[in-house]
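Chemist: This is input.txt, which holds compact mmCIF, C-alpha atoms and all ligand atoms:
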```txt
# COMPACT_ATOMS: atom_id res chain seq x y z
CA MET E 197 -76.50 129.86 110.96
CA GLU E 198 -72.95 130.81 110.01
CA LYS E 199 -74.35 132.89 107.20
CA GLN E 200 -75.97 135.28 109.61
CA VAL E 201 -74.37 138.69 109.87
CA GLU E 202 -73.36 139.49 113.42
CA PRO E 203 -73.76 143.05 114.63
CA TYR E 204 -70.53 144.76 115.62
CA HIS E 205 -69.49 143.91 119.13
CA PRO E 206 -69.91 147.04 121.33
CA GLU E 207 -66.15 146.97 121.93
CA TYR E 208 -65.65 148.42 118.42
CA ALA E 209 -67.77 151.48 119.16
CA ALA E 210 -66.21 151.83 122.62
CA ASN E 211 -62.80 152.10 120.98
CA ARG E 212 -64.12 154.50 118.34
CA VAL E 213 -63.20 152.36 115.36
CA GLN E 214 -66.61 151.07 114.30
CA SER E 215 -67.35 153.81 111.77
CA ALA E 216 -63.83 153.54 110.30
CA LEU E 217 -64.34 149.80 109.85
CA GLU E 218 -67.77 150.28 108.32
CA ARG E 219 -66.24 152.70 105.84
CA ALA E 220 -63.41 150.26 105.10
CA GLU E 221 -65.94 147.48 104.44
CA GLU E 222 -67.92 149.63 102.07
CA GLU E 223 -64.80 150.88 100.34
CA LEU E 224 -63.55 147.34 99.83
CA ARG E 225 -66.92 146.06 98.61
CA GLN E 226 -67.16 148.81 96.02
CA ALA E 227 -63.52 148.51 94.99
CA LEU E 228 -63.96 144.76 94.39
CA MET E 229 -67.04 145.30 92.23
CA ARG E 230 -65.27 148.05 90.32
CA TRP E 231 -62.30 145.76 89.79
CA PHE E 232 -64.58 143.10 88.31
CA ALA E 233 -66.33 145.59 86.01
CA GLU E 234 -63.03 147.01 84.77
CA PHE E 235 -61.69 143.51 84.29
CA LEU E 236 -64.69 142.63 82.09
CA GLU E 237 -64.32 145.85 80.11
CA ASP E 238 -60.69 145.09 79.44
CA LEU E 239 -61.40 141.46 78.59
CA THR E 240 -64.04 142.36 76.02
CA ASP E 241 -62.40 145.61 74.95
CA VAL E 242 -65.86 147.04 75.38
CA GLU E 243 -64.69 150.65 75.57
CA LYS E 244 -63.42 150.62 72.01
CA MET E 245 -66.13 148.27 70.81
CA THR E 246 -67.72 148.91 67.43
CA LYS E 247 -70.17 146.46 65.95
CA ASP E 248 -67.72 143.90 64.62
CA GLU E 249 -64.75 144.63 66.85
CA PRO E 250 -62.79 143.15 68.52
CA LEU E 251 -61.69 140.27 66.37
CA PRO E 252 -63.18 136.93 67.46
CA GLY E 253 -59.89 135.56 68.75
CA PHE E 254 -59.37 138.56 70.98
CA ILE E 255 -61.02 137.21 74.12
CA LEU E 256 -59.48 133.77 73.74
CA ALA E 257 -56.06 135.33 73.34
CA ARG E 258 -56.52 137.35 76.51
CA LEU E 259 -57.73 134.33 78.47
CA ASN E 260 -54.48 132.58 77.59
CA ASP E 261 -52.27 135.58 78.24
CA GLN E 262 -50.40 135.00 81.53
CA VAL E 263 -49.05 138.55 81.63
CA TRP E 264 -52.55 139.93 81.27
CA TRP E 265 -53.87 137.73 84.10
CA ARG E 266 -50.95 138.73 86.30
CA MET E 267 -51.73 142.39 85.76
CA TRP E 268 -55.33 141.91 86.88
CA SER E 269 -54.39 139.78 89.84
CA GLU E 270 -51.81 142.35 90.95
CA ARG E 271 -54.39 145.09 90.70
CA LEU E 272 -56.75 143.06 92.87
CA ALA E 273 -53.97 142.41 95.39
CA GLU E 274 -53.23 146.14 95.61
CA ILE E 275 -56.87 146.99 96.32
CA LEU E 276 -57.03 144.39 99.07
CA THR E 277 -53.66 145.29 100.59
CA SER E 278 -54.51 148.96 100.97
CA VAL E 279 -57.87 148.37 102.67
CA LEU E 280 -56.46 145.62 104.90
CA LEU E 281 -53.65 147.93 105.97
CA ASN E 282 -56.21 150.57 107.02
CA ALA E 283 -58.08 147.99 109.05
CA LEU E 284 -54.82 146.81 110.64
CA GLN E 285 -54.08 150.37 111.65
CA ALA E 286 -57.56 150.67 113.17
CA GLY E 287 -56.78 147.47 115.10
CA ALA E 288 -53.57 148.97 116.46
CA GLN E 289 -55.58 152.03 117.50
CA THR E 290 -58.02 149.76 119.27
CA ALA E 291 -55.14 148.15 121.16
CA GLY E 292 -53.81 151.57 122.17
CA ARG E 293 -57.22 152.66 123.43
CA GLN E 294 -57.87 149.44 125.30
CA LEU E 295 -54.47 149.70 126.99
CA GLN E 296 -54.57 153.48 127.28
CA VAL E 297 -51.08 153.79 125.89
CA LYS E 298 -49.70 155.45 122.81
CA LEU E 299 -48.41 152.79 120.41
CA SER E 300 -46.04 153.68 117.62
CA TRP E 301 -47.47 152.76 114.21
CA ASP E 302 -43.96 153.14 112.77
CA TYR E 303 -42.85 149.98 114.55
CA ILE E 304 -46.01 148.05 113.75
CA GLN E 305 -46.32 149.14 110.11
CA PRO E 306 -43.66 146.88 108.50
CA VAL E 307 -45.11 143.73 110.08
CA ALA E 308 -48.64 144.90 109.32
CA LEU E 309 -47.78 145.56 105.69
CA ALA E 310 -46.19 142.13 105.30
CA TRP E 311 -49.31 140.53 106.79
CA ALA E 312 -51.62 142.59 104.55
CA ARG E 313 -49.68 141.61 101.43
CA GLU E 314 -49.63 137.95 102.33
CA ASN E 315 -53.30 137.87 103.16
CA ALA E 316 -54.22 139.83 100.03
CA SER E 317 -52.38 137.36 97.86
CA LYS E 318 -54.16 134.45 99.58
CA LEU E 319 -57.48 136.13 98.84
CA VAL E 320 -56.53 136.67 95.20
CA THR E 321 -55.71 132.96 94.97
CA GLY E 322 -59.25 132.27 96.18
CA ILE E 323 -60.96 134.71 93.80
CA LEU E 324 -59.09 134.55 90.51
CA PRO E 325 -59.51 130.86 89.59
CA ASP E 326 -63.30 131.20 90.00
CA VAL E 327 -63.31 134.17 87.64
CA GLN E 328 -61.08 132.33 85.17
CA THR E 329 -63.25 129.21 85.23
CA GLY E 330 -66.47 131.20 85.00
CA ILE E 331 -65.37 133.11 81.92
CA ALA E 332 -63.92 130.00 80.29
CA GLN E 333 -67.26 128.24 80.81
CA ILE E 334 -69.16 131.04 79.08
CA VAL E 335 -66.80 130.81 76.13
CA THR E 336 -66.80 127.03 75.75
CA GLY E 337 -70.52 126.79 76.53
CA GLY E 338 -71.29 129.48 73.97
CA LEU E 339 -69.16 127.87 71.29
CA SER E 340 -70.75 124.47 71.82
CA GLU E 341 -74.18 126.07 71.49
CA GLY E 342 -73.07 127.53 68.15
CA LYS E 343 -72.92 131.16 69.30
CA THR E 344 -70.57 133.49 67.47
CA MET E 345 -67.61 135.01 69.27
CA TYR E 346 -69.38 138.39 69.01
CA GLN E 347 -72.39 137.04 70.85
CA ILE E 348 -70.14 135.52 73.46
CA ARG E 349 -68.26 138.77 73.83
CA ASP E 350 -71.53 140.66 74.38
CA GLU E 351 -72.63 138.06 76.92
CA ILE E 352 -69.41 138.55 78.90
CA ALA E 353 -69.62 142.34 78.64
CA ASP E 354 -73.21 142.22 79.92
CA LEU E 355 -72.09 140.55 83.15
CA ARG E 356 -71.22 144.03 84.37
CA ASN E 357 -74.89 144.94 84.58
CA ASP E 358 -76.18 141.56 85.63
CA ALA E 359 -77.07 141.47 89.33
CA GLU E 360 -77.64 137.70 89.08
CA GLN E 361 -74.24 136.79 87.65
CA THR E 362 -72.47 134.09 89.63
CA ILE E 363 -68.86 134.54 88.48
CA PHE E 364 -68.05 137.24 90.98
CA PRO E 365 -71.38 138.10 92.58
CA GLU E 366 -71.92 141.14 94.73
CA TRP E 367 -72.72 139.04 97.80
CA ARG E 368 -69.25 137.58 97.55
CA ALA E 369 -67.63 141.02 97.47
CA THR E 370 -69.75 141.96 100.49
CA ARG E 371 -68.74 138.84 102.37
CA ILE E 372 -65.05 139.32 101.60
CA ALA E 373 -65.22 142.96 102.70
CA ARG E 374 -66.95 142.22 106.00
CA THR E 375 -64.88 139.20 106.88
CA GLU E 376 -61.47 140.51 105.88
CA VAL E 377 -61.84 143.91 107.52
CA ILE E 378 -62.62 142.25 110.86
CA ARG E 379 -59.75 139.80 110.37
CA ALA E 380 -57.26 142.59 109.64
CA HIS E 381 -58.53 144.60 112.58
CA ALA E 382 -58.00 141.66 114.95
CA GLN E 383 -54.51 141.13 113.57
CA GLY E 384 -53.73 144.83 114.02
CA ALA E 385 -54.93 144.67 117.63
CA LYS E 386 -52.70 141.65 118.25
CA LEU E 387 -49.69 143.45 116.76
CA GLY E 388 -50.52 146.43 118.99
CA TYR E 389 -50.62 144.19 122.08
CA GLN E 390 -47.25 142.72 121.14
CA GLU E 391 -45.82 146.16 120.53
CA SER E 392 -46.97 147.33 123.97
CA GLY E 393 -44.89 144.66 125.72
CA VAL E 394 -47.37 144.54 128.61
CA VAL E 395 -50.01 142.18 127.24
CA ARG E 396 -49.89 138.56 128.37
CA GLY E 397 -53.08 137.22 126.83
CA MET E 398 -56.24 137.89 124.91
CA ARG E 399 -59.89 137.42 125.80
CA TRP E 400 -62.62 136.69 123.24
CA LEU E 401 -65.57 139.06 123.35
CA ASP E 402 -68.82 137.97 121.88
CA GLY E 403 -71.73 138.88 124.14
CA GLN E 404 -73.52 140.84 121.41
CA THR E 405 -77.01 139.77 120.55
CA GLY E 406 -77.14 137.71 117.38
CA ALA E 407 -73.79 135.97 117.79
CA CYS E 408 -73.78 132.43 116.49
CA PRO E 409 -73.28 129.40 118.78
CA LYS E 410 -69.66 128.93 117.70
CA CYS E 411 -68.88 132.46 118.79
CA ARG E 412 -70.88 132.23 121.99
CA GLU E 413 -68.84 129.17 122.87
CA LEU E 414 -65.70 131.28 122.68
CA HIS E 415 -67.09 134.10 124.79
CA ASN E 416 -64.62 135.06 127.54
CA LYS E 417 -62.16 132.39 126.47
CA THR E 418 -58.66 133.51 127.36
CA VAL E 419 -55.46 132.50 125.56
CA ARG E 420 -51.83 133.51 125.68
CA LEU E 421 -50.89 136.28 123.29
CA GLY E 422 -49.98 134.54 120.04
CA GLU E 423 -52.03 131.41 120.74
CA PRO E 424 -55.12 130.68 118.64
CA PHE E 425 -58.59 130.85 120.20
CA TYR E 426 -59.74 128.02 117.96
CA LEU E 427 -58.39 125.63 115.36
CA ASP E 428 -60.45 125.22 112.24
CA PRO E 429 -58.87 123.80 109.09
CA LYS E 430 -61.67 125.31 107.01
CA PHE E 431 -61.70 128.87 108.22
CA GLY E 432 -59.78 131.51 110.11
CA ASP E 433 -56.45 131.98 111.83
CA GLY E 434 -57.45 131.56 115.45
CA LEU E 435 -58.61 135.18 115.87
CA PRO E 436 -61.90 136.85 114.94
CA PRO E 437 -63.70 136.37 112.63
CA ARG E 438 -64.76 132.85 113.59
CA HIS E 439 -66.82 132.55 110.39
CA PRO E 440 -67.79 134.80 107.47
CA HIS E 441 -69.71 137.87 108.67
CA CYS E 442 -68.49 137.38 112.28
CA ARG E 443 -67.90 140.60 114.20
CA CYS E 444 -66.60 139.42 117.52
CA ALA E 445 -63.75 141.30 119.17
CA VAL E 446 -60.80 140.65 121.47
CA ALA E 447 -59.62 142.39 124.61
CA PRO E 448 -56.12 142.33 126.08
CA VAL E 449 -55.20 140.60 129.33
CA THR E 450 -52.41 142.76 130.75
CA LEU E 451 -49.50 141.83 133.00
CA GLU E 452 -51.17 143.98 135.64
CA GLN E 453 -54.33 141.84 135.46
CA VAL E 454 -52.35 138.61 135.47
CA LYS E 455 -50.95 139.48 138.91
CA TYR E 456 -54.39 138.86 140.39
CA LEU E 457 -54.82 135.42 138.86
CA PRO E 458 -54.16 132.34 141.02
CA ALA E 459 -50.47 131.39 141.19
CA ASP E 460 -51.02 128.19 139.19
CA HIS E 461 -52.98 129.89 136.40
CA PRO E 462 -51.35 129.07 133.04
CA LEU E 463 -51.20 132.77 132.11
CA ARG E 464 -48.88 133.39 135.05
CA ASP E 465 -46.16 131.15 133.64
CA ASN E 466 -43.36 133.35 132.27
CA ARG E 467 -41.29 130.59 130.73
CA ARG E 468 -41.44 130.02 126.96
CA ASN E 469 -40.06 127.25 124.77
CA SER E 470 -38.80 129.45 121.98
CA ILE E 471 -37.76 133.02 121.33
CA GLU E 472 -40.76 133.52 119.01
CA GLU E 473 -43.11 132.94 121.96
CA VAL E 474 -41.50 135.66 124.04
CA THR E 475 -44.33 138.16 123.63
CA ASP E 476 -44.18 140.49 126.63
CA ILE E 477 -41.46 141.99 128.81
CA GLN E 478 -41.82 139.39 131.58
CA THR E 479 -41.68 136.29 129.41
CA TYR E 480 -38.33 134.62 128.84
CA THR E 481 -36.75 131.67 127.14
CA GLU E 482 -33.36 130.02 127.24
CA ILE E 483 -31.04 129.79 124.23
CA GLY E 484 -27.89 127.74 124.66
CA GLY E 485 -28.19 128.08 128.44
CA VAL E 486 -28.61 131.87 128.28
CA ARG E 487 -31.80 133.43 129.56
CA VAL E 488 -33.34 135.94 127.16
CA THR E 489 -36.18 138.10 128.45
CA GLY E 490 -38.82 139.96 126.50
CA GLU E 491 -37.62 143.18 128.02
CA ARG E 492 -34.06 142.77 126.65
CA LEU E 493 -35.38 141.73 123.24
CA ARG E 494 -37.52 144.84 123.05
CA HIS E 495 -34.57 147.08 123.75
CA ALA E 496 -32.56 145.34 121.06
CA GLN E 497 -35.29 145.52 118.47
CA PHE E 498 -36.21 149.14 119.13
CA GLY E 499 -32.56 150.06 118.86
CA HIS E 500 -32.36 148.57 115.37
CA PRO E 501 -35.73 148.56 113.62
CA GLU E 502 -33.84 148.48 110.30
CA VAL E 503 -32.36 145.02 110.95
CA LYS E 504 -34.55 142.29 109.54
CA GLY E 505 -34.74 139.09 111.53
CA PHE E 506 -33.14 140.57 114.63
CA ILE E 507 -34.61 137.84 116.80
CA GLU E 508 -33.23 135.05 114.61
CA ASN E 509 -29.86 136.80 114.58
CA ILE E 510 -29.73 136.89 118.37
CA GLU E 511 -30.56 133.21 118.46
CA GLN E 512 -27.81 132.46 115.98
CA ALA E 513 -25.29 134.66 117.79
CA LEU E 514 -25.85 132.67 120.99
CA LEU E 515 -25.93 129.23 119.38
CA SER E 516 -23.22 129.60 116.73
CA PRO E 517 -21.38 132.91 117.04
CA THR E 518 -18.75 133.91 114.49
CA PHE E 519 -16.50 134.31 117.56
CA PHE E 520 -16.74 135.33 121.20
CA LYS E 521 -14.62 137.17 123.73
CA ASP E 522 -14.54 136.77 127.48
CA ARG E 523 -14.07 139.81 129.64
CA GLY E 524 -14.43 138.88 133.29
CA GLU E 525 -18.05 138.24 134.15
CA LEU E 526 -19.16 139.17 130.66
CA ARG E 527 -18.99 137.23 127.45
CA ASP E 528 -19.44 139.01 124.11
CA TYR E 529 -20.89 136.93 121.30
CA TYR E 530 -20.31 138.30 117.79
CA LEU E 531 -22.26 137.38 114.70
CA ASP E 532 -20.99 138.56 111.33
CA LEU E 533 -24.07 140.02 109.61
CA ARG E 534 -22.34 140.06 106.21
CA ARG E 535 -23.16 143.70 105.71
CA LYS E 536 -20.79 146.60 105.26
CA SER E 537 -20.98 149.93 107.04
CA PRO E 538 -20.75 153.11 104.88
CA SER E 539 -17.02 153.20 105.71
CA GLY E 540 -16.63 149.66 104.38
CA ARG E 541 -16.27 147.84 107.71
CA ASN E 542 -18.06 144.67 108.67
CA PHE E 543 -21.27 144.87 110.72
CA TYR E 544 -21.49 142.54 113.69
CA LEU E 545 -24.35 141.81 116.00
CA LYS E 546 -22.81 141.88 119.47
CA VAL E 547 -24.67 140.06 122.24
CA VAL E 548 -23.40 140.68 125.76
CA VAL E 549 -24.11 137.94 128.30
CA LYS E 550 -23.63 138.11 132.05
CA MET E 551 -21.95 134.82 132.94
CA ASP E 552 -23.07 134.07 136.47
CA GLU E 553 -24.74 130.92 137.75
CA ASN E 554 -27.68 131.59 135.47
CA PRO E 555 -26.27 133.41 132.46
CA PHE E 556 -28.57 136.01 130.96
CA LEU E 557 -28.58 138.35 128.00
CA LEU E 558 -27.64 141.84 129.11
CA THR E 559 -27.74 143.78 125.88
CA SER E 560 -27.31 143.41 122.14
CA TYR E 561 -26.53 145.90 119.42
CA LEU E 562 -24.83 146.41 116.05
CA THR E 563 -21.19 147.32 115.92
CA THR E 564 -18.27 147.49 113.51
CA GLN E 565 -15.73 147.11 116.36
CA LYS E 566 -14.30 143.68 117.03
ZN ZN E 601 -68.51 136.04 115.99
```
For the file at hand, write its structure as structure tokens.
Modeler:
Amino acid sequence: MEKQVEPYHPEYAANRVQSALERAEEELRQALMRWFAEFLEDLTDVEKMTKDEPLPGFILARLNDQVWWRMWSERLAEILTSVLLNALQAGAQTAGRQLQVKLSWDYIQPVALAWARENASKLVTGILPDVQTGIAQIVTGGLSEGKTMYQIRDEIADLRNDAEQTIFPEWRATRIARTEVIRAHAQGAKLGYQESGVVRGMRWLDGQTGACPKCRELHNKTVRLGEPFYLDPKFGDGLPPRHPHCRCAVAPVTLEQVKYLPADHPLRDNRRNSIEEVTDIQTYTEIGGVRVTGERLRHAQFGHPEVKGFIENIEQALLSPTFFKDRGELRDYYLDLRRKSPSGRNFYLKVVVKMDENPFLLTSYLTTQK
């Protein structure tokens, strides 16, 4: 039942990304099969092969060569990263179209790239050991059956043309392509919602004919932005796909829509327990007694896209500043960022707090002035 391929949810076509995703799937599927064929060619040195070359120890040496394996795993990671990044970008486009706003890919790109790289390396970790084991089994099996290393080499080289081979079969490449493109698209959409600042939650869209029961169960389920739709230790990250070959979609629940929900609806609660959960301009959290709103955080982050970990720095500035200065109703918290300006002066993160009954963060920015 989970093996069945779901048709694309109509939401993908409505947002004009379906054909781009179909192309990305096909591109990834072919690139994975090409990677495997080139890997086999390199392993058996088949391009330069004459009757009695390479030497019998050649394959065994390569199988034990960590540098060689790293090269092939890095190549695989690059293939995956580039296709995933395309799908993430399509997801951000989807978010922009659903919200009818123009989202800046420049702000989303660094986070998207980090996600693509991390996910690609997870996928490599899932693929490579199977390939390693499969090849090692052919070698040891062949040797125990009394085959020569030349016969074994030919057997490995022939895997390239063997549609039935099970070491890295085509169906697996297809499944990875389908599943991972949808996953990256959903992640890109989520990053787009976050970037917009006006999305409070997400709604699961299944509704298409041919969705499996697990997906149908999630249909119309609404969660806060950043919360998972489901928890499954075996598969997925809480967003589509729910299972391999799943093509469900998500839609944003905007702040505008939340206004019409009943007052006690969980999505109407603006308060968050940590700064990481502050996902839209109306959410807020308190750090060391200071209220920090999503709106103020956005201003800070957009002002300094070059500063990594801006959010963590703000938290640290409020909780353990390098020093602070009081000026009337305002208190300036300074955090030494341990970076030098081009003129050799220290960079500080300065967080300005209005100190009334309920202190709140007014603004924050980088400065070299104490
Ligand atoms: Zn599904």
Chemist: Excluding E:Arg271 and its own-chain neighbours fewer than 2 positions away, which residues fall within 12 Å of it when counting all atoms listed in the file? Please give them as a ChimeraX atom specification.
Modeler: /E:227-228,230-232,234-235,264-269,273-278,316-317,320,324
Chemist: Under the rule of at most 12 Å, produce a per-residue listing of stretch 380-468 of chain E near stretch 212-224 of chain E: chain, number, name, the closest pair of atoms, and the distance in Å, as a Markdown table, using all atoms listed in the file.
Modeler:
```
| residue | atom | partner | partner_atom | distance |
| --- | --- | --- | --- | --- |
| E:Ala380 | CA | E:Leu217 | CA | 10.1 |
| E:His381 | CA | E:Leu217 | CA | 8.3 |
| E:Ala382 | CA | E:Leu217 | CA | 11.5 |
| E:Ala385 | CA | E:Val213 | CA | 11.5 |
| E:His441 | CA | E:Glu221 | CA | 11.2 |
| E:Arg443 | CA | E:Gln214 | CA | 10.5 |
| E:Ala445 | CA | E:Gln214 | CA | 11.3 |
```
Chemist: Output the selection as a PDB file, keeping the file's coordinate frame - C-alpha atoms for each residue.
Modeler:
```pdb
ATOM      1  CA  ALA E 380     -57.260 142.590 109.640  1.00  0.00           C
ATOM      2  CA  HIS E 381     -58.530 144.600 112.580  1.00  0.00           C
ATOM      3  CA  ALA E 382     -58.000 141.660 114.950  1.00  0.00           C
ATOM      4  CA  ALA E 385     -54.930 144.670 117.630  1.00  0.00           C
ATOM      5  CA  HIS E 441     -69.710 137.870 108.670  1.00  0.00           C
ATOM      6  CA  ARG E 443     -67.900 140.600 114.200  1.00  0.00           C
ATOM      7  CA  ALA E 445     -63.750 141.300 119.170  1.00  0.00           C
TER       8      ALA E 445
END
```
Chemist: Please identify all polymer residues within 9 Å of stretch 469-473 of chain E, counting only C-alpha atoms, omitting same-chain residues fewer than 4 positions from it, and present them as a ChimeraX atom specification.
Modeler: /E:421-422,479-483,488-490,507-508,511
Chemist: Produce a table with one row for each residue of chain E that has an atom at most 10 Å from any atom of ligand ZN 601 (chain E), each row naming the nearest atom pair and its distance in Å at one decimal; use only C-alpha atoms and all ligand atoms; arrange rows by chain and rising residue number; format as CSV.
Modeler:
```
residue,atom,partner,partner_atom,distance
E:Glu198,CA,E:ZN601,ZN,9.1
E:Gln200,CA,E:ZN601,ZN,9.8
E:Val201,CA,E:ZN601,ZN,8.9
E:Glu202,CA,E:ZN601,ZN,6.5
E:Pro203,CA,E:ZN601,ZN,8.9
E:Tyr204,CA,E:ZN601,ZN,9.0
E:His205,CA,E:ZN601,ZN,8.5
E:Ile378,CA,E:ZN601,ZN,10.0
E:Trp400,CA,E:ZN601,ZN,9.4
E:Leu401,CA,E:ZN601,ZN,8.5
E:Asp402,CA,E:ZN601,ZN,6.2
E:Gly403,CA,E:ZN601,ZN,9.2
E:Gln404,CA,E:ZN601,ZN,8.8
E:Gly406,CA,E:ZN601,ZN,8.9
E:Ala407,CA,E:ZN601,ZN,5.6
E:Cys408,CA,E:ZN601,ZN,6.4
E:Pro409,CA,E:ZN601,ZN,8.6
E:Lys410,CA,E:ZN601,ZN,7.4
E:Cys411,CA,E:ZN601,ZN,4.6
E:Arg412,CA,E:ZN601,ZN,7.5
E:Glu413,CA,E:ZN601,ZN,9.7
E:Leu414,CA,E:ZN601,ZN,8.7
E:His415,CA,E:ZN601,ZN,9.1
E:Leu435,CA,E:ZN601,ZN,9.9
E:Pro436,CA,E:ZN601,ZN,6.7
E:Pro437,CA,E:ZN601,ZN,5.9
E:Arg438,CA,E:ZN601,ZN,5.5
E:His439,CA,E:ZN601,ZN,6.8
E:Pro440,CA,E:ZN601,ZN,8.6
E:His441,CA,E:ZN601,ZN,7.6
E:Cys442,CA,E:ZN601,ZN,3.9
E:Arg443,CA,E:ZN601,ZN,4.9
E:Cys444,CA,E:ZN601,ZN,4.2
E:Ala445,CA,E:ZN601,ZN,7.8
```
Chemist: Would you tabulate, counting all atoms listed in the file, all residues of stretch 255-334 of chain E that have an atom at most 12 Å from an atom of stretch 494-500 of chain E, showing the closest pair of atoms and their distance in Å to one decimal, sorted by chain then ascending number, as CSV?
Modeler:
```
residue,atom,partner,partner_atom,distance
E:Ser300,CA,E:Phe498,CA,10.9
E:Asp302,CA,E:Phe498,CA,10.8
E:Tyr303,CA,E:Phe498,CA,8.1
E:Ile304,CA,E:Phe498,CA,11.2
```
